[in-house]
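S.K.: Quick one: structure below, then a few questions.
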Amino acid sequence: MITSTSNGQIKKIQQLLKKSRTRKEEGLFVAEGIKMFREAPPERIEKIYLGASFAEKGIWREILREKGLEEKAESLTEVVEDKVFKSLSDTVTPQGVLCLIRIKESTLEEMIPEEKPALLMILEDLQDPGNLGTILRTGEGAGVTGIILSKNSVDIYNPKVIRSTMGSVYRVPFCYTSSIQEEILPWLREKKITGYAAHLEGKNSYDQEDYTKAAAFFIGNEGNGLSRELSQKADIWIRIPMEGQVESLNAAMASGILMYEAYRQRRNFFP
């Protein structure tokens with residue numbers, strides 16, 4: 001049992017929680033909680049840390065059995081004194097389990113399924129972890145086939161992002177790009193994917209467009225919105241009608257509206 005916060009493994013977890021650079025160097029991220037443990041792909045689990053009280057309950061053995069990892073329980077798990085485990089937790093009431101998961105990004109080609117047209121979210125310099133986590137989770141529900149992030153966007157493996165995805169981070173294909181304009185836009189044209197930018201000067205309301213064909217929604221930074229350079233490269237400008245004195249919506253809210261309109265149109269074609 002690990003009983004000290006000065007233990008090398010504990011220090012490693014703390015660095016993985018705090019630093020994006022460490023996560024990239026180690027190729028690992030931290031997923032905390034029973035749900036994140038239960039839904040983690042078994043082949044990507046590097047290590048499981050159990051709070052002493054939680055370890056006594058035995059539910060973790062059931063989850064390992066479900067994953068076919070019961071025989072590896074001894075090598076995969078490490079029990080941690082409750083007080084030490086709490087120092088690792090980002091929540092007020094820790095559930096007693098966290099996992100180290102191997103990082104995996106998707107390729108662009110993996111975002112184009114054979115059974116239906118692509119539906120992509122292109123995120124430019126998104127900064128808020130909660131927004132990104134919500135977009136991933138909503139995207140899974142709306143049938144998004146991939147999420148592409150600019151290099152200056154928040155780290156998808158930030159613990160706050162991971163927690164708010166509620167497991168979607170394991171299942172929604174995503175990748176980072178060094179340049180949306182130089183790398184992604186030519187690829188969208190090659191694949192005949194129409195790019196839509198929500199813009200105040202959009203001619204049509206978002207629900208007047210046809211999203212049953214391959215489509216990509218461009219979403220900008222929370223403070224500055226979509227850059228002029230990228231919005232001008234979009235194929236079509238659309239607007240989300242608003243009343244009152246509201247000028248714009250939260251990035252995750254706007255994304256959700258667009259994704260679910262696409263889902264509404266597509267579900268009769270691609271059940």
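Each chain in the structure tokens gets a letter, A, B, ..., in the order shown, and its residues are numbered from 1; ligands are numbered from 1 in order too.
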Got a sec: who's within 10 Å of Leu185 in chain A, counting only C-alpha atoms, leaving out chain neighbours fewer than 3 positions off, as number ranges by chain?

M.R.: A: 179-182, 188-191, 193-195, 230, 233-234

S.K.: Which residues come within 6 Å of Val80 in chain A, counting only C-alpha atoms, excluding same-chain residues fewer than 5 positions away, as number ranges by chain?

M.R.: A: 1-2, 50-52, 85

S.K.: Using only C-alpha atoms, what table do you get, as CSV, when you list each residue of range 47-164 of chain A with an atom no more than 10 Å from range 255-267 of chain A, its nearest pair of atoms, and their distance in Å rounded to one decimal, rows by chain then rising number?

M.R.:
```
residue,atom,partner,partner_atom,distance
A:Lys116,CA,A:Arg266,CA,9.1
A:Pro117,CA,A:Arg266,CA,9.3
A:Leu119,CA,A:Ala262,CA,8.1
A:Leu120,CA,A:Met259,CA,9.0
A:Met121,CA,A:Ser255,CA,8.1
A:Leu123,CA,A:Ser255,CA,9.8
A:Asn131,CA,A:Ser255,CA,9.5
A:Thr134,CA,A:Gly256,CA,8.6
A:Ile135,CA,A:Ser255,CA,6.7
A:Leu136,CA,A:Gly256,CA,9.9
A:Arg137,CA,A:Gly256,CA,9.8
A:Thr138,CA,A:Gly256,CA,6.3
A:Gly139,CA,A:Met259,CA,6.8
A:Glu140,CA,A:Met259,CA,9.7
A:Gly141,CA,A:Tyr260,CA,8.5
A:Ala142,CA,A:Tyr263,CA,5.4
A:Gly143,CA,A:Tyr263,CA,6.6
A:Val144,CA,A:Met259,CA,7.3
```

S.K.: With the cut-off set at 8 Å and counting only C-alpha atoms, tabulate each residue of range 17-84 of chain A with an atom at most that distance from an atom of range 91-101 of chain A, showing the nearest atom pair and its distance in Å to one decimal, ordered by chain and increasing number, as a Markdown table.

M.R.:
```
| residue | atom | partner | partner_atom | distance |
| --- | --- | --- | --- | --- |
| A:Leu28 | CA | A:Ile101 | CA | 5.4 |
| A:Phe29 | CA | A:Ile101 | CA | 5.4 |
| A:Val30 | CA | A:Leu100 | CA | 4.8 |
| A:Ala31 | CA | A:Cys99 | CA | 5.2 |
| A:Glu32 | CA | A:Leu98 | CA | 4.1 |
| A:Gly33 | CA | A:Val97 | CA | 5.5 |
| A:Ile34 | CA | A:Val97 | CA | 6.4 |
| A:Phe37 | CA | A:Cys99 | CA | 6.6 |
| A:Ala40 | CA | A:Ile101 | CA | 7.8 |
| A:Arg44 | CA | A:Ile101 | CA | 5.5 |
| A:Ile45 | CA | A:Ile101 | CA | 4.8 |
| A:Glu46 | CA | A:Leu100 | CA | 5.3 |
| A:Lys47 | CA | A:Leu100 | CA | 5.2 |
| A:Ile48 | CA | A:Cys99 | CA | 4.4 |
| A:Tyr49 | CA | A:Leu98 | CA | 5.4 |
| A:Leu50 | CA | A:Val97 | CA | 4.7 |
| A:Gly51 | CA | A:Gly96 | CA | 4.5 |
| A:Ala52 | CA | A:Gly96 | CA | 7.7 |
| A:Ser53 | CA | A:Gly96 | CA | 7.3 |
| A:Phe54 | CA | A:Gly96 | CA | 5.2 |
| A:Ala55 | CA | A:Gly96 | CA | 7.8 |
| A:Asp82 | CA | A:Gly96 | CA | 7.8 |
```

S.K.: Could the residues in this selection be written to a file with N, CA, C and O atoms, as a PDB file, in the first residue's frame?

M.R.:
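Contents of selection-v5.pdb, freshly written:
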```pdb
ATOM      1  N   LEU A  28       0.342   9.347 -21.428  1.00  0.00           N
ATOM      2  CA  LEU A  28      -0.675   8.892 -20.475  1.00  0.00           C
ATOM      3  C   LEU A  28      -1.527  10.057 -19.988  1.00  0.00           C
ATOM      4  O   LEU A  28      -1.078  11.201 -19.960  1.00  0.00           O
ATOM      5  N   PHE A  29      -2.762   9.751 -19.593  1.00  0.00           N
ATOM      6  CA  PHE A  29      -3.588  10.733 -18.903  1.00  0.00           C
ATOM      7  C   PHE A  29      -4.324  10.052 -17.753  1.00  0.00           C
ATOM      8  O   PHE A  29      -4.369   8.819 -17.677  1.00  0.00           O
ATOM      9  N   VAL A  30      -4.878  10.858 -16.859  1.00  0.00           N
ATOM     10  CA  VAL A  30      -5.542  10.341 -15.665  1.00  0.00           C
ATOM     11  C   VAL A  30      -7.058  10.410 -15.842  1.00  0.00           C
ATOM     12  O   VAL A  30      -7.608  11.448 -16.211  1.00  0.00           O
ATOM     13  N   ALA A  31      -7.729   9.299 -15.574  1.00  0.00           N
ATOM     14  CA  ALA A  31      -9.192   9.240 -15.609  1.00  0.00           C
ATOM     15  C   ALA A  31      -9.667   8.815 -14.222  1.00  0.00           C
ATOM     16  O   ALA A  31      -9.307   7.738 -13.746  1.00  0.00           O
ATOM     17  N   GLU A  32     -10.453   9.658 -13.590  1.00  0.00           N
ATOM     18  CA  GLU A  32     -10.875   9.392 -12.214  1.00  0.00           C
ATOM     19  C   GLU A  32     -12.352   9.033 -12.132  1.00  0.00           C
ATOM     20  O   GLU A  32     -13.171   9.540 -12.895  1.00  0.00           O
ATOM     21  N   GLY A  33     -12.682   8.153 -11.210  1.00  0.00           N
ATOM     22  CA  GLY A  33     -14.075   7.810 -10.957  1.00  0.00           C
ATOM     23  C   GLY A  33     -14.468   6.445 -11.497  1.00  0.00           C
ATOM     24  O   GLY A  33     -13.839   5.901 -12.405  1.00  0.00           O
ATOM     25  N   ILE A  34     -15.541   5.891 -10.934  1.00  0.00           N
ATOM     26  CA  ILE A  34     -15.995   4.550 -11.294  1.00  0.00           C
ATOM     27  C   ILE A  34     -16.447   4.488 -12.755  1.00  0.00           C
ATOM     28  O   ILE A  34     -16.121   3.547 -13.478  1.00  0.00           O
ATOM     29  N   PHE A  37     -13.539   4.503 -15.092  1.00  0.00           N
ATOM     30  CA  PHE A  37     -12.861   3.209 -14.969  1.00  0.00           C
ATOM     31  C   PHE A  37     -13.646   2.138 -15.715  1.00  0.00           C
ATOM     32  O   PHE A  37     -13.105   1.370 -16.515  1.00  0.00           O
ATOM     33  N   ALA A  40     -13.384   2.604 -19.575  1.00  0.00           N
ATOM     34  CA  ALA A  40     -12.048   2.675 -20.181  1.00  0.00           C
ATOM     35  C   ALA A  40     -11.773   1.447 -21.050  1.00  0.00           C
ATOM     36  O   ALA A  40     -12.021   0.313 -20.637  1.00  0.00           O
ATOM     37  N   ARG A  44      -6.059  -0.088 -23.166  1.00  0.00           N
ATOM     38  CA  ARG A  44      -5.362   1.188 -22.958  1.00  0.00           C
ATOM     39  C   ARG A  44      -5.076   1.487 -21.477  1.00  0.00           C
ATOM     40  O   ARG A  44      -4.456   2.496 -21.151  1.00  0.00           O
ATOM     41  N   ILE A  45      -5.525   0.618 -20.580  1.00  0.00           N
ATOM     42  CA  ILE A  45      -5.306   0.844 -19.149  1.00  0.00           C
ATOM     43  C   ILE A  45      -3.874   0.485 -18.778  1.00  0.00           C
ATOM     44  O   ILE A  45      -3.438  -0.653 -18.953  1.00  0.00           O
ATOM     45  N   GLU A  46      -3.148   1.460 -18.272  1.00  0.00           N
ATOM     46  CA  GLU A  46      -1.760   1.255 -17.870  1.00  0.00           C
ATOM     47  C   GLU A  46      -1.655   0.861 -16.406  1.00  0.00           C
ATOM     48  O   GLU A  46      -0.893  -0.024 -16.034  1.00  0.00           O
ATOM     49  N   LYS A  47      -2.443   1.517 -15.547  1.00  0.00           N
ATOM     50  CA  LYS A  47      -2.379   1.266 -14.106  1.00  0.00           C
ATOM     51  C   LYS A  47      -3.671   1.736 -13.457  1.00  0.00           C
ATOM     52  O   LYS A  47      -4.299   2.682 -13.928  1.00  0.00           O
ATOM     53  N   ILE A  48      -4.061   1.074 -12.372  1.00  0.00           N
ATOM     54  CA  ILE A  48      -5.268   1.437 -11.635  1.00  0.00           C
ATOM     55  C   ILE A  48      -4.894   1.672 -10.178  1.00  0.00           C
ATOM     56  O   ILE A  48      -4.263   0.809  -9.543  1.00  0.00           O
ATOM     57  N   TYR A  49      -5.285   2.821  -9.649  1.00  0.00           N
ATOM     58  CA  TYR A  49      -5.009   3.153  -8.253  1.00  0.00           C
ATOM     59  C   TYR A  49      -6.314   3.172  -7.467  1.00  0.00           C
ATOM     60  O   TYR A  49      -7.284   3.830  -7.859  1.00  0.00           O
ATOM     61  N   LEU A  50      -6.322   2.423  -6.369  1.00  0.00           N
ATOM     62  CA  LEU A  50      -7.523   2.257  -5.560  1.00  0.00           C
ATOM     63  C   LEU A  50      -7.327   2.855  -4.182  1.00  0.00           C
ATOM     64  O   LEU A  50      -6.339   2.550  -3.499  1.00  0.00           O
ATOM     65  N   GLY A  51      -8.258   3.698  -3.742  1.00  0.00           N
ATOM     66  CA  GLY A  51      -8.241   4.153  -2.363  1.00  0.00           C
ATOM     67  C   GLY A  51      -8.481   2.957  -1.460  1.00  0.00           C
ATOM     68  O   GLY A  51      -9.235   2.041  -1.818  1.00  0.00           O
ATOM     69  N   ALA A  52      -7.863   2.940  -0.299  1.00  0.00           N
ATOM     70  CA  ALA A  52      -7.939   1.764   0.576  1.00  0.00           C
ATOM     71  C   ALA A  52      -9.374   1.366   0.892  1.00  0.00           C
ATOM     72  O   ALA A  52      -9.721   0.176   0.865  1.00  0.00           O
ATOM     73  N   SER A  53     -10.233   2.326   1.197  1.00  0.00           N
ATOM     74  CA  SER A  53     -11.634   2.014   1.520  1.00  0.00           C
ATOM     75  C   SER A  53     -12.366   1.437   0.323  1.00  0.00           C
ATOM     76  O   SER A  53     -13.150   0.482   0.440  1.00  0.00           O
ATOM     77  N   PHE A  54     -12.103   2.003  -0.850  1.00  0.00           N
ATOM     78  CA  PHE A  54     -12.756   1.518  -2.064  1.00  0.00           C
ATOM     79  C   PHE A  54     -12.269   0.112  -2.411  1.00  0.00           C
ATOM     80  O   PHE A  54     -13.045  -0.733  -2.867  1.00  0.00           O
ATOM     81  N   ALA A  55     -10.995  -0.139  -2.175  1.00  0.00           N
ATOM     82  CA  ALA A  55     -10.416  -1.445  -2.508  1.00  0.00           C
ATOM     83  C   ALA A  55     -11.101  -2.572  -1.744  1.00  0.00           C
ATOM     84  O   ALA A  55     -11.201  -3.708  -2.227  1.00  0.00           O
ATOM     85  N   ASP A  82      -6.200   6.226   1.969  1.00  0.00           N
ATOM     86  CA  ASP A  82      -7.272   7.171   1.632  1.00  0.00           C
ATOM     87  C   ASP A  82      -6.811   8.629   1.651  1.00  0.00           C
ATOM     88  O   ASP A  82      -7.171   9.412   0.771  1.00  0.00           O
TER      89      ASP A  82
END
```

S.K.: Once DSSP has gone over the backbone, tell me which residues of range 102-260 of chain A are in strand (DSSP E or B), as an MDAnalysis selection string.

M.R.: chainID A and resid 102 119:123 146:150 174:177 194:198 204:205 215:219 221 225 236:239

S.K.: List every residue of range 11-112 of chain A that DSSP, applied to the backbone, labels as alpha helix (DSSP H), and write the result as a ChimeraX atom specification.

M.R.: /A:11-18,20-26,34-39,52-55,59-66,73-76,82-88

S.K.: Taking only C-alpha atoms into account, which of A:Arg38, A:His199, A:Arg23, A:Lys151 comes nearest Ile240 in chain A?

M.R.: A:His199

S.K.: Can you pull out every residue within 10 Å of Lys24 in chain A, counting only C-alpha atoms, but drop anything in the same chain fewer than 6 positions away, and send it as a list in words?

M.R.: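 Returned residues: Leu16, Ile103, Asp155 and Tyr157 of chain A.
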
S.K.: Emit the selected residues as an mmCIF file, in the first residue's frame, including C-alpha atoms.

M.R.:
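So the final result, stored in out.cif, reads:
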```cif
data_model
loop_
_atom_site.group_PDB
_atom_site.id
_atom_site.type_symbol
_atom_site.label_atom_id
_atom_site.label_comp_id
_atom_site.auth_asym_id
_atom_site.auth_seq_id
_atom_site.Cartn_x
_atom_site.Cartn_y
_atom_site.Cartn_z
ATOM 1 C CA LEU A 16 0.151 14.039 -15.154
ATOM 2 C CA ILE A 103 -3.233 8.443 -25.044
ATOM 3 C CA ASP A 155 -5.562 19.990 -23.892
ATOM 4 C CA TYR A 157 -6.575 15.341 -21.553
#
```

S.K.: Set the distance at 8 Å and use only C-alpha atoms: which residues neighbour Ser205 in chain A once local chain neighbours fewer than 4 positions away are removed? I'd like the list as a list of chain:residue names.

M.R.: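 So, after excluding close chain neighbours, the residues are A:Glu209, A:Ile238, A:Arg239, A:Ile240, A:Pro241.
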
S.K.: Kindly save the residues from that selection, with N, CA, C and O atoms included, as a CSV table (one decimal), in the first residue's frame.

M.R.:
```
chain,number,residue,atom,x,y,z
A,209,GLU,N,-30.4,25.0,-43.7
A,209,GLU,CA,-29.3,24.3,-44.6
A,209,GLU,C,-29.5,22.8,-44.5
A,209,GLU,O,-30.2,22.3,-43.6
A,238,ILE,N,-23.7,30.6,-41.7
A,238,ILE,CA,-25.1,30.4,-41.1
A,238,ILE,C,-25.2,31.2,-39.8
A,238,ILE,O,-24.2,31.6,-39.2
A,239,ARG,N,-26.4,31.5,-39.4
A,239,ARG,CA,-26.6,32.2,-38.2
A,239,ARG,C,-27.6,31.5,-37.3
A,239,ARG,O,-28.5,30.8,-37.7
A,240,ILE,N,-27.4,31.7,-36.0
A,240,ILE,CA,-28.3,31.1,-35.0
A,240,ILE,C,-29.2,32.3,-34.5
A,240,ILE,O,-28.6,33.2,-33.9
A,241,PRO,N,-30.4,32.4,-34.9
A,241,PRO,CA,-31.3,33.5,-34.5
A,241,PRO,C,-31.3,33.7,-33.0
A,241,PRO,O,-31.4,32.7,-32.2
```

S.K.: Compile the contact shell of Met166 in chain A as a list in words: residues with an atom at most 9 Å away, counting only C-alpha atoms, same-chain residues fewer than 4 positions apart removed.

M.R.: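 Using only C-alpha atoms, the neighbours found are Lys35, Met36, Gly133, Arg137 and Ile162 of chain A.
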
S.K.: If you keep all heavy atoms, can you produce a file of those selected residues as a CSV table (one decimal), in the first residue's frame?

M.R.:
```
chain,number,residue,atom,x,y,z
A,35,LYS,N,-17.2,5.5,-13.2
A,35,LYS,CA,-17.7,5.5,-14.6
A,35,LYS,C,-16.6,5.5,-15.6
A,35,LYS,O,-16.6,4.7,-16.6
A,35,LYS,CB,-18.6,6.7,-14.8
A,35,LYS,CG,-19.2,6.7,-16.2
A,35,LYS,CD,-20.2,7.9,-16.4
A,35,LYS,CE,-20.7,8.0,-17.8
A,35,LYS,NZ,-21.5,6.8,-18.2
A,36,MET,N,-15.6,6.4,-15.3
A,36,MET,CA,-14.4,6.4,-16.2
A,36,MET,C,-13.6,5.2,-16.2
A,36,MET,O,-13.0,4.8,-17.3
A,36,MET,CB,-13.5,7.6,-15.9
A,36,MET,CG,-14.2,9.0,-16.1
A,36,MET,SD,-14.8,9.3,-17.8
A,36,MET,CE,-13.3,9.4,-18.7
A,133,GLY,N,-15.2,19.5,-23.1
A,133,GLY,CA,-15.8,18.2,-22.6
A,133,GLY,C,-17.2,18.1,-22.9
A,133,GLY,O,-17.7,17.0,-23.3
A,137,ARG,N,-19.0,15.2,-25.4
A,137,ARG,CA,-20.1,14.4,-24.9
A,137,ARG,C,-21.4,14.6,-25.7
A,137,ARG,O,-22.1,13.6,-26.1
A,137,ARG,CB,-20.4,14.8,-23.4
A,137,ARG,CG,-21.5,13.9,-22.7
A,137,ARG,CD,-21.7,14.4,-21.3
A,137,ARG,NE,-22.7,13.6,-20.6
A,137,ARG,CZ,-23.1,13.9,-19.4
A,137,ARG,NH1,-22.6,14.9,-18.8
A,137,ARG,NH2,-24.1,13.1,-18.8
A,162,ILE,N,-11.6,15.7,-19.2
A,162,ILE,CA,-11.9,14.3,-19.1
A,162,ILE,C,-13.1,14.0,-18.2
A,162,ILE,O,-14.0,13.2,-18.6
A,162,ILE,CB,-10.7,13.6,-18.4
A,162,ILE,CG1,-9.4,13.7,-19.3
A,162,ILE,CG2,-11.0,12.1,-18.1
A,162,ILE,CD1,-9.6,13.0,-20.6
```

S.K.: Taking only C-alpha atoms into account, which of A:Leu17, A:Thr165, A:Ile10, A:Glu124 comes nearest Arg228 in chain A?

M.R.: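 So, comparing all the options, the nearest one is A:Glu124.
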
S.K.: When you look at Val161 in chain A with a cut-off of 6 Å (counting only C-alpha atoms), what residues show up, excluding the ones that are within fewer than 5 positions of it in the same chain? I need them as a PyMOL selection string.

M.R.: chain A and resi 129-130+133+156

S.K.: Given the selection you just returned, output its residues as a file containing N, CA and C atoms, formatted as a short mmCIF file (atom, residue, chain, number, x, y, z; two decimals), in the first residue's frame.

M.R.:
```cif
data_model
loop_
_atom_site.label_atom_id
_atom_site.label_comp_id
_atom_site.auth_asym_id
_atom_site.auth_seq_id
_atom_site.Cartn_x
_atom_site.Cartn_y
_atom_site.Cartn_z
N PRO A 129 -12.03 24.18 -20.57
CA PRO A 129 -12.11 22.71 -20.47
C PRO A 129 -13.54 22.20 -20.44
N GLY A 130 -14.41 22.93 -19.73
CA GLY A 130 -15.80 22.50 -19.64
C GLY A 130 -16.49 22.52 -20.99
N GLY A 133 -15.21 19.50 -23.05
CA GLY A 133 -15.78 18.25 -22.56
C GLY A 133 -17.24 18.10 -22.95
N ILE A 156 -7.11 18.24 -24.48
CA ILE A 156 -8.27 17.38 -24.30
C ILE A 156 -8.10 16.44 -23.11
#
```
